[in-house]
$ cat model23.tsv   # TSV, C-alpha atoms
chain	number	residue	atom	x	y	z
A	30	LEU	CA	-6.57	-3.35	-2.32
A	31	VAL	CA	-5.71	-6.23	-4.63
A	32	GLY	CA	-5.68	-6.74	-8.37
A	33	GLU	CA	-3.51	-7.43	-11.38
A	34	SER	CA	-0.86	-5.05	-12.71
A	35	GLY	CA	-2.35	-2.10	-14.58
A	36	CYS	CA	-5.80	-2.27	-12.97
A	37	GLY	CA	-5.46	1.11	-11.22
A	38	LYS	CA	-4.27	0.28	-7.69
A	39	SER	CA	-1.28	2.63	-7.63
A	40	THR	CA	-3.22	5.42	-9.37
A	41	THR	CA	-5.86	5.17	-6.64
A	42	ALA	CA	-3.15	5.29	-3.97
A	43	LYS	CA	-1.47	8.35	-5.50
A	44	ALA	CA	-4.83	10.13	-5.75
A	45	LEU	CA	-5.46	9.50	-2.05
A	46	ALA	CA	-2.02	10.89	-1.25
A	47	GLY	CA	-2.59	13.95	-3.48
A	48	LEU	CA	0.18	13.01	-5.91
A	49	VAL	CA	-1.93	12.92	-9.11
A	50	PRO	CA	-4.95	14.95	-10.28
A	51	TYR	CA	-8.33	13.23	-10.13
A	52	SER	CA	-12.04	13.85	-10.46
A	53	GLY	CA	-14.48	12.80	-7.78
A	54	GLY	CA	-14.05	12.99	-4.04
A	55	VAL	CA	-11.63	11.78	-1.39
A	56	THR	CA	-12.76	11.77	2.24
A	57	ILE	CA	-10.17	11.31	5.00
A	58	GLY	CA	-11.18	11.33	8.64
A	59	GLY	CA	-14.64	12.59	7.71
A	60	ARG	CA	-13.24	15.56	5.74
A	61	GLU	CA	-13.76	15.93	2.00
A	62	LEU	CA	-10.47	17.22	0.59
A	63	SER	CA	-11.99	19.16	-2.32
A	64	ARG	CA	-13.83	21.38	0.16
A	65	LEU	CA	-10.73	22.33	2.13
A	66	GLY	CA	-8.39	25.25	1.58
A	67	ARG	CA	-4.70	24.82	0.81
A	68	ASP	CA	-3.52	25.05	4.43
A	69	GLU	CA	-6.26	22.69	5.61
A	70	ARG	CA	-5.38	20.14	2.93
A	71	LYS	CA	-1.72	20.31	3.97
A	72	ALA	CA	-2.74	19.56	7.56
A	73	VAL	CA	-4.81	16.56	6.42
A	74	ARG	CA	-1.91	15.32	4.28
A	75	ARG	CA	0.12	14.92	7.46
A	76	ASP	CA	-2.28	12.13	8.40
A	77	VAL	CA	-1.66	10.23	5.13
A	78	GLN	CA	1.80	8.92	4.28
A	79	MET	CA	3.02	6.49	1.65
A	80	VAL	CA	5.54	3.65	1.39
A	81	PHE	CA	6.42	3.05	-2.26
A	82	GLN	CA	7.15	-0.21	-4.04
A	83	ASP	CA	10.81	0.47	-4.87
A	84	PRO	CA	12.62	1.70	-1.75
A	85	TYR	CA	15.77	2.63	-3.66
A	86	ALA	CA	13.94	4.77	-6.22
A	87	SER	CA	11.98	6.58	-3.50
A	88	LEU	CA	15.11	7.64	-1.55
A	89	ASP	CA	17.26	10.51	-2.83
A	90	PRO	CA	20.75	8.99	-3.28
A	91	ARG	CA	22.39	12.39	-2.62
A	92	MET	CA	20.99	12.66	0.92
A	93	ARG	CA	21.90	10.81	4.09
A	94	VAL	CA	19.09	8.56	5.28
A	95	GLY	CA	18.74	10.50	8.53
A	96	GLU	CA	18.05	13.64	6.51
A	97	LEU	CA	15.50	11.76	4.40
A	98	VAL	CA	13.54	10.60	7.45
A	99	ALA	CA	13.70	14.09	8.98
A	100	GLU	CA	12.58	15.83	5.79
A	101	PRO	CA	8.79	15.56	6.46
A	102	LEU	CA	9.33	17.14	9.90
A	103	LEU	CA	11.31	19.97	8.30
A	104	ILE	CA	8.64	20.58	5.63
A	105	HIS	CA	5.90	20.86	8.25
A	106	GLY	CA	8.05	22.94	10.63
A	107	ILE	CA	7.94	20.42	13.47
A	108	GLY	CA	10.50	20.70	16.27
A	109	SER	CA	13.96	22.15	16.47
A	110	LYS	CA	16.96	20.62	14.71
A	111	GLU	CA	17.91	18.66	17.83
A	112	GLU	CA	14.32	17.51	18.46
A	113	ARG	CA	14.08	16.29	14.89
A	114	ARG	CA	17.35	14.41	15.22
A	115	GLN	CA	16.15	12.73	18.40
A	116	ARG	CA	12.84	11.69	16.82
A	117	VAL	CA	14.63	10.30	13.76
A	118	ALA	CA	17.04	8.34	15.98
A	119	ALA	CA	14.07	6.87	17.89
A	120	LEU	CA	12.38	5.89	14.62
A	121	PHE	CA	15.54	4.17	13.38
A	122	GLU	CA	15.72	2.15	16.57
A	123	ARG	CA	12.03	1.28	16.30
A	124	VAL	CA	12.28	-0.15	12.79
A	125	GLY	CA	15.30	-2.27	13.68
A	126	LEU	CA	18.15	0.01	12.60
A	127	SER	CA	20.73	1.81	14.72
A	128	SER	CA	20.97	5.56	15.17
A	129	GLU	CA	24.58	5.40	13.94
A	130	GLN	CA	23.27	4.42	10.50
A	131	MET	CA	21.56	7.80	10.11
A	132	GLU	CA	24.77	9.18	8.57
A	133	LEU	CA	24.89	6.62	5.75
A	134	TYR	CA	23.53	6.91	2.21
A	135	PRO	CA	20.77	4.74	0.68
A	136	HIS	CA	23.18	2.66	-1.45
A	137	GLU	CA	24.89	1.43	1.73
A	138	PHE	CA	21.81	-0.56	2.79
A	139	SER	CA	20.15	-3.76	1.62
A	140	GLY	CA	16.68	-3.74	0.04
A	141	GLY	CA	14.98	-4.76	3.28
A	142	GLN	CA	16.86	-2.11	5.25
A	143	ARG	CA	15.92	0.57	2.71
A	144	GLN	CA	12.26	-0.39	3.04
A	145	ARG	CA	12.57	-0.03	6.82
A	146	ILE	CA	13.97	3.47	6.25
A	147	CYS	CA	10.94	4.27	4.09
A	148	ILE	CA	8.65	3.00	6.85
A	149	ALA	CA	10.47	5.19	9.38
A	150	ARG	CA	10.01	8.20	7.08
A	151	ALA	CA	6.29	7.43	6.73
A	152	LEU	CA	5.97	7.29	10.54
A	153	ALA	CA	7.83	10.58	11.12
A	154	LEU	CA	4.64	12.70	11.11
A	155	ARG	CA	2.71	10.13	13.19
A	156	PRO	CA	0.05	9.63	10.50
A	157	LYS	CA	-3.34	7.99	10.88
A	158	LEU	CA	-3.08	6.19	7.52
A	159	ILE	CA	-0.10	4.68	5.71
A	160	ILE	CA	-0.53	3.64	2.09
A	161	ALA	CA	1.78	0.69	1.41
A	162	ASP	CA	1.97	0.37	-2.37
A	163	GLU	CA	3.43	-3.07	-3.18
A	164	SER	CA	5.82	-2.38	-0.33
A	165	VAL	CA	7.17	-5.94	-0.07
A	166	SER	CA	6.89	-7.19	-3.65
A	167	ALA	CA	10.50	-6.31	-4.50
A	168	LEU	CA	11.89	-8.15	-1.45
A	169	ASP	CA	12.93	-11.76	-0.91
A	170	VAL	CA	10.31	-13.94	0.76
A	171	SER	CA	12.16	-14.14	4.10
A	172	VAL	CA	12.67	-10.36	4.10
A	173	GLN	CA	9.00	-9.89	3.18
A	174	ALA	CA	7.98	-11.79	6.30
A	175	ARG	CA	10.15	-9.63	8.57
A	176	VAL	CA	8.84	-6.38	7.04
A	177	LEU	CA	5.22	-7.57	7.35
A	178	ASP	CA	5.82	-8.51	11.00
A	179	LEU	CA	7.27	-5.03	11.57
A	180	LEU	CA	4.19	-3.39	10.01
A	181	LYS	CA	1.92	-5.38	12.32
A	182	GLU	CA	3.96	-4.40	15.39
A	183	LEU	CA	3.86	-0.72	14.41
A	184	GLN	CA	0.11	-0.89	13.87
A	185	ARG	CA	-0.41	-2.22	17.39
A	186	GLU	CA	1.99	0.36	18.85
A	187	PHE	CA	0.90	3.50	16.98
A	188	GLY	CA	-2.72	2.66	16.11
A	189	VAL	CA	-2.09	3.46	12.45
A	190	ALA	CA	-4.32	2.15	9.65
A	191	TYR	CA	-2.88	0.67	6.45
A	192	LEU	CA	-4.10	0.66	2.89
A	193	PHE	CA	-2.04	-2.30	1.71
A	194	ILE	CA	-1.83	-2.61	-2.07
A	195	SER	CA	-0.74	-5.86	-3.66
A	196	HIS	CA	-1.30	-8.36	-6.47
A	197	ASP	CA	-0.26	-11.24	-4.17
A	198	MET	CA	-3.38	-12.79	-2.62
A	199	ALA	CA	-1.30	-14.86	-0.16
A	200	VAL	CA	0.26	-11.70	1.29
A	201	VAL	CA	-3.11	-9.91	1.34
A	202	GLU	CA	-4.72	-12.77	3.27
A	203	ASN	CA	-1.93	-12.53	5.84
A	204	VAL	CA	-2.14	-8.78	6.55
A	205	SER	CA	-5.69	-7.59	5.81
A	206	ASP	CA	-8.85	-7.04	7.81
A	207	ARG	CA	-10.94	-5.98	4.81
A	208	VAL	CA	-10.18	-6.66	1.15
A	209	ALA	CA	-11.20	-4.76	-1.98
A	210	VAL	CA	-10.63	-6.41	-5.36
A	211	MET	CA	-10.01	-4.09	-8.32
A	212	TYR	CA	-10.42	-5.08	-11.97
A	213	LEU	CA	-10.04	-2.75	-14.97
A	214	GLY	CA	-10.12	0.36	-12.81
A	215	GLN	CA	-13.17	-0.49	-10.71
A	216	ILE	CA	-13.85	-2.29	-7.45
A	217	VAL	CA	-15.59	-5.58	-8.25
A	218	GLU	CA	-15.75	-7.01	-4.72
A	219	ILE	CA	-15.20	-5.77	-1.19
A	220	GLY	CA	-15.69	-7.39	2.19
A	221	SER	CA	-13.92	-8.79	5.23
A	222	ARG	CA	-10.94	-11.05	4.68
A	223	ASP	CA	-12.95	-14.15	5.58
A	224	GLN	CA	-15.86	-13.17	3.33
A	225	VAL	CA	-13.67	-12.57	0.28
A	226	PHE	CA	-11.42	-15.60	0.69
A	227	SER	CA	-13.97	-18.15	1.91
A	228	ASN	CA	-16.92	-17.03	-0.20
A	229	PRO	CA	-15.72	-15.07	-3.26
A	230	ARG	CA	-18.65	-13.82	-5.31
A	231	HIS	CA	-17.06	-12.30	-8.39
A	232	PRO	CA	-15.46	-14.54	-11.07
A	233	TYR	CA	-12.29	-12.41	-11.11
A	234	THR	CA	-11.86	-12.79	-7.33
A	235	ARG	CA	-12.21	-16.56	-7.70
A	236	ARG	CA	-9.56	-16.62	-10.44
A	237	LEU	CA	-7.14	-14.65	-8.27
A	238	ILE	CA	-7.58	-17.04	-5.34
A	239	GLU	CA	-7.24	-20.12	-7.56
A	240	ALA	CA	-3.90	-18.79	-8.85
A	241	VAL	CA	-2.31	-18.72	-5.38
A	242	PRO	CA	0.39	-21.47	-5.11
A	243	VAL	CA	-0.38	-24.20	-2.57
A	244	PRO	CA	2.68	-25.36	-0.54
A	245	ASP	CA	1.85	-29.06	-0.83
A	246	PRO	CA	3.97	-31.18	-3.24
A	247	SER	CA	1.44	-34.03	-3.08
A	248	LEU	CA	-1.43	-31.84	-4.25
A	249	ARG	CA	-2.10	-32.06	-7.98
A	250	ARG	CA	-3.79	-28.92	-9.20
A	251	THR	CA	-6.58	-28.92	-11.72
A	252	ARG	CA	-6.08	-27.12	-14.99
A	253	PHE	CA	-6.91	-23.44	-15.06
A	254	ALA	CA	-9.86	-22.39	-17.17
A	255	ARG	CA	-8.54	-20.57	-20.23
A	256	LEU	CA	-10.02	-17.32	-21.49
A	257	ASP	CA	-12.04	-17.84	-24.66
A	258	ARG	CA	-11.93	-14.18	-25.69
A	259	GLU	CA	-9.54	-11.25	-25.96
A	260	ILE	CA	-8.03	-10.00	-22.70
A	261	PRO	CA	-9.93	-6.80	-21.78
A	262	SER	CA	-7.94	-3.56	-21.79
A	263	ALA	CA	-8.13	-0.82	-19.18
A	264	THR	CA	-6.98	1.75	-21.75
A	265	ARG	CA	-9.72	4.16	-22.82
A	266	ARG	CA	-9.93	7.01	-25.29
A	267	ILE	CA	-9.93	10.51	-23.79
A	268	GLY	CA	-13.48	11.45	-22.91
A	269	GLU	CA	-14.80	7.91	-23.27
A	270	SER	CA	-17.30	7.07	-20.55
A	271	VAL	CA	-17.05	3.81	-18.65
A	272	PRO	CA	-20.21	2.14	-17.30
A	273	LYS	CA	-20.02	2.06	-13.51
A	274	LEU	CA	-20.47	-1.31	-11.90
A	275	VAL	CA	-23.33	-1.80	-9.45
A	276	LEU	CA	-22.29	-3.77	-6.37
A	277	LYS	CA	-24.83	-6.15	-4.88
A	278	ASP	CA	-25.08	-6.33	-1.07
A	279	PHE	CA	-24.55	-9.90	0.13
A	280	GLY	CA	-24.85	-8.90	3.79
A	281	GLY	CA	-22.39	-8.19	6.56
A	282	GLY	CA	-20.50	-5.56	4.58
A	283	HIS	CA	-19.84	-7.91	1.66
A	284	PHE	CA	-20.45	-6.34	-1.77
A	285	ALA	CA	-19.71	-7.64	-5.24
A	286	ALA	CA	-20.53	-6.89	-8.86
A	287	VAL	CA	-22.68	-9.60	-10.39
A	288	GLY	CA	-21.26	-11.35	-13.46
A	289	ASP	CA	-18.02	-10.82	-15.40
$ encode --input "model23.tsv" --output "structure tokens"
Amino acid sequence: LVGESGCGKSTTAKALAGLVPYSGGVTIGGRELSRLGRDERKAVRRDVQMVFQDPYASLDPRMRVGELVAEPLLIHGIGSKEERRQRVAALFERVGLSSEQMELYPHEFSGGQRQRICIARALALRPKLIIADESVSALDVSVQARVLDLLKELQREFGVAYLFISHDMAVVENVSDRVAVMYLGQIVEIGSRDQVFSNPRHPYTRRLIEAVPVPDPSLRRTRFARLDREIPSATRRIGESVPKLVLKDFGGGHFAAVGD
């Protein structure tokens, strides 16, 4: 899920994870959440975990990192204390940390290490879907690459699906199978990675792709087309209705809104 800051990506992610109220429907694994009881929704939530953008802000500084990774298991009543400790130790090893580091606090790790801890915590309940909300945007480029490689390895090993949220089209092209482009709170284009990047149909998608830096010093870029009107705002008055975009089917699972 890609788009500029403020377009609604993180709000969508939090709604899927049940962290904010919303209207409409969310279907996970063929089950519509609004039709489930409290206990059933809690069971479904085990299948959906989240990795937040800022690893330091999402880790309680008063708790040891081993306790933080074990916390989801404790909440859902999974395993004994020793079984939880063993699972957490295995998760630490799997994400490239040592089990001895379980006794440390979040401030004793680097940014990349803290994000690995967050990934281990997301994997603790063995979910079917992990929502990665700008999970590498706060990291250095070299650290980004290592974290993305780790996510790919874990996907192959555990069979987990990712909803990867970003505003960086270069990163999205590297990690995605299907891409949805969001603009002003609505999806304007969705399709496979090749469809969206090789044949973008919506003007906003084309502008995003054109803005990606090209690693070629000899290439002289053309000037960007400037907006000739006010920048649209996603802010609406309470109760104001927003016209829903109609997506045209271009075939092969490729849909896009026609026009600006």
$ residues_around --input "model23.tsv" --residues "A:Gln173" --least-positions-apart "6" --cutoff "12 Å" --atoms "only C-alpha atoms" --output "ChimeraX atom specification"
/A:140-142,144-145,163-167,179-180,197,199-200,203-204
$ atom_distance --input "model23.tsv" --atom1 "atom CA of A:Lys71" --atom2 "atom CA of A:Val94"
23.9 Å
$ closest_residue --input "model23.tsv" --among "A:Arg60, A:Lys273, A:Arg114, A:Arg230" --to "A:Leu213" --atoms "all atoms listed in the file"
A:Lys273
$ atom_distance --input "model23.tsv" --atom1 "atom CA of A:Arg222" --atom2 "atom CA of A:Val55"
23.6 Å
$ atom_distance --input "model23.tsv" --atom1 "atom CA of A:Glu182" --atom2 "atom CA of A:Arg123"
9.9 Å
$ closest_residue --input "model23.tsv" --among "A:Ile238, A:Leu65, A:Leu274, A:Ala161" --to "A:Leu177" --atoms "all atoms listed in the file"
A:Ala161
$ residues_near_point --input "model23.tsv" --point "(12.7, -5.8, 12.5)" --cutoff "7 Å" --atoms "only C-alpha atoms" --output "ChimeraX atom specification"
/A:124-125,175-176,179
$ closest_residue --input "model23.tsv" --among "A:Gln78, A:Thr40, A:Ser195, A:Gln115" --to "A:Arg155" --atoms "all atoms listed in the file"
A:Gln78
$ build_atoms --input "model23.tsv" --residues "stretch 144-155 of chain A" --atoms "all heavy atoms" --output "compact mmCIF listing (two decimals), in the coordinates of the input"
# COMPACT_ATOMS: atom_id res chain seq x y z
N GLN A 144 13.70 -0.45 2.83
CA GLN A 144 12.26 -0.39 3.04
C GLN A 144 11.94 -0.01 4.48
O GLN A 144 10.96 0.69 4.75
CB GLN A 144 11.62 -1.73 2.67
CG GLN A 144 10.12 -1.66 2.41
CD GLN A 144 9.76 -0.73 1.27
OE1 GLN A 144 9.86 0.50 1.41
NE2 GLN A 144 9.34 -1.29 0.15
N ARG A 145 12.76 -0.43 5.43
CA ARG A 145 12.57 -0.03 6.82
C ARG A 145 12.78 1.48 6.98
O ARG A 145 12.10 2.14 7.76
CB ARG A 145 13.54 -0.80 7.73
CG ARG A 145 13.18 -2.27 7.89
CD ARG A 145 14.27 -3.05 8.61
NE ARG A 145 13.93 -4.46 8.70
CZ ARG A 145 13.32 -5.03 9.73
NH1 ARG A 145 13.01 -4.31 10.79
NH2 ARG A 145 13.03 -6.31 9.73
N ILE A 146 13.75 2.02 6.23
CA ILE A 146 13.97 3.47 6.25
C ILE A 146 12.74 4.19 5.71
O ILE A 146 12.30 5.21 6.26
CB ILE A 146 15.22 3.82 5.43
CG1 ILE A 146 16.48 3.27 6.11
CG2 ILE A 146 15.35 5.34 5.25
CD1 ILE A 146 17.71 3.29 5.24
N CYS A 147 12.16 3.67 4.64
CA CYS A 147 10.94 4.27 4.09
C CYS A 147 9.78 4.21 5.08
O CYS A 147 8.98 5.15 5.17
CB CYS A 147 10.55 3.57 2.79
SG CYS A 147 11.71 3.83 1.43
N ILE A 148 9.70 3.12 5.82
CA ILE A 148 8.65 3.00 6.85
C ILE A 148 8.88 4.02 7.96
O ILE A 148 7.94 4.66 8.44
CB ILE A 148 8.61 1.56 7.40
CG1 ILE A 148 8.14 0.59 6.31
CG2 ILE A 148 7.70 1.47 8.62
CD1 ILE A 148 8.30 -0.88 6.68
N ALA A 149 10.15 4.19 8.36
CA ALA A 149 10.47 5.19 9.38
C ALA A 149 10.09 6.59 8.90
O ALA A 149 9.55 7.40 9.66
CB ALA A 149 11.95 5.12 9.74
N ARG A 150 10.37 6.89 7.63
CA ARG A 150 10.01 8.20 7.08
C ARG A 150 8.49 8.39 7.08
O ARG A 150 7.99 9.47 7.39
CB ARG A 150 10.57 8.34 5.66
CG ARG A 150 10.25 9.68 5.01
CD ARG A 150 10.93 9.84 3.67
NE ARG A 150 10.53 8.82 2.71
CZ ARG A 150 10.97 8.76 1.47
NH1 ARG A 150 11.84 9.65 1.03
NH2 ARG A 150 10.57 7.80 0.66
N ALA A 151 7.75 7.33 6.74
CA ALA A 151 6.29 7.43 6.73
C ALA A 151 5.73 7.66 8.13
O ALA A 151 4.71 8.31 8.31
CB ALA A 151 5.69 6.16 6.13
N LEU A 152 6.43 7.15 9.15
CA LEU A 152 5.97 7.29 10.54
C LEU A 152 6.36 8.62 11.17
O LEU A 152 5.87 8.96 12.24
CB LEU A 152 6.53 6.15 11.39
CG LEU A 152 5.93 4.75 11.17
CD1 LEU A 152 6.78 3.72 11.89
CD2 LEU A 152 4.50 4.71 11.67
N ALA A 153 7.25 9.37 10.52
CA ALA A 153 7.83 10.58 11.12
C ALA A 153 6.76 11.57 11.57
O ALA A 153 6.89 12.21 12.62
CB ALA A 153 8.81 11.24 10.15
N LEU A 154 5.69 11.72 10.78
CA LEU A 154 4.64 12.70 11.11
C LEU A 154 3.51 12.09 11.95
O LEU A 154 2.49 12.74 12.15
CB LEU A 154 4.07 13.28 9.81
CG LEU A 154 5.03 14.14 8.99
CD1 LEU A 154 4.39 14.54 7.67
CD2 LEU A 154 5.45 15.37 9.77
N ARG A 155 3.72 10.84 12.38
CA ARG A 155 2.71 10.13 13.19
C ARG A 155 1.34 10.15 12.49
O ARG A 155 0.36 10.66 13.03
CB ARG A 155 2.62 10.74 14.59
CG ARG A 155 3.92 10.57 15.37
CD ARG A 155 3.93 11.29 16.68
NE ARG A 155 5.21 11.13 17.36
CZ ARG A 155 5.59 11.83 18.42
NH1 ARG A 155 4.79 12.75 18.92
NH2 ARG A 155 6.77 11.61 18.97
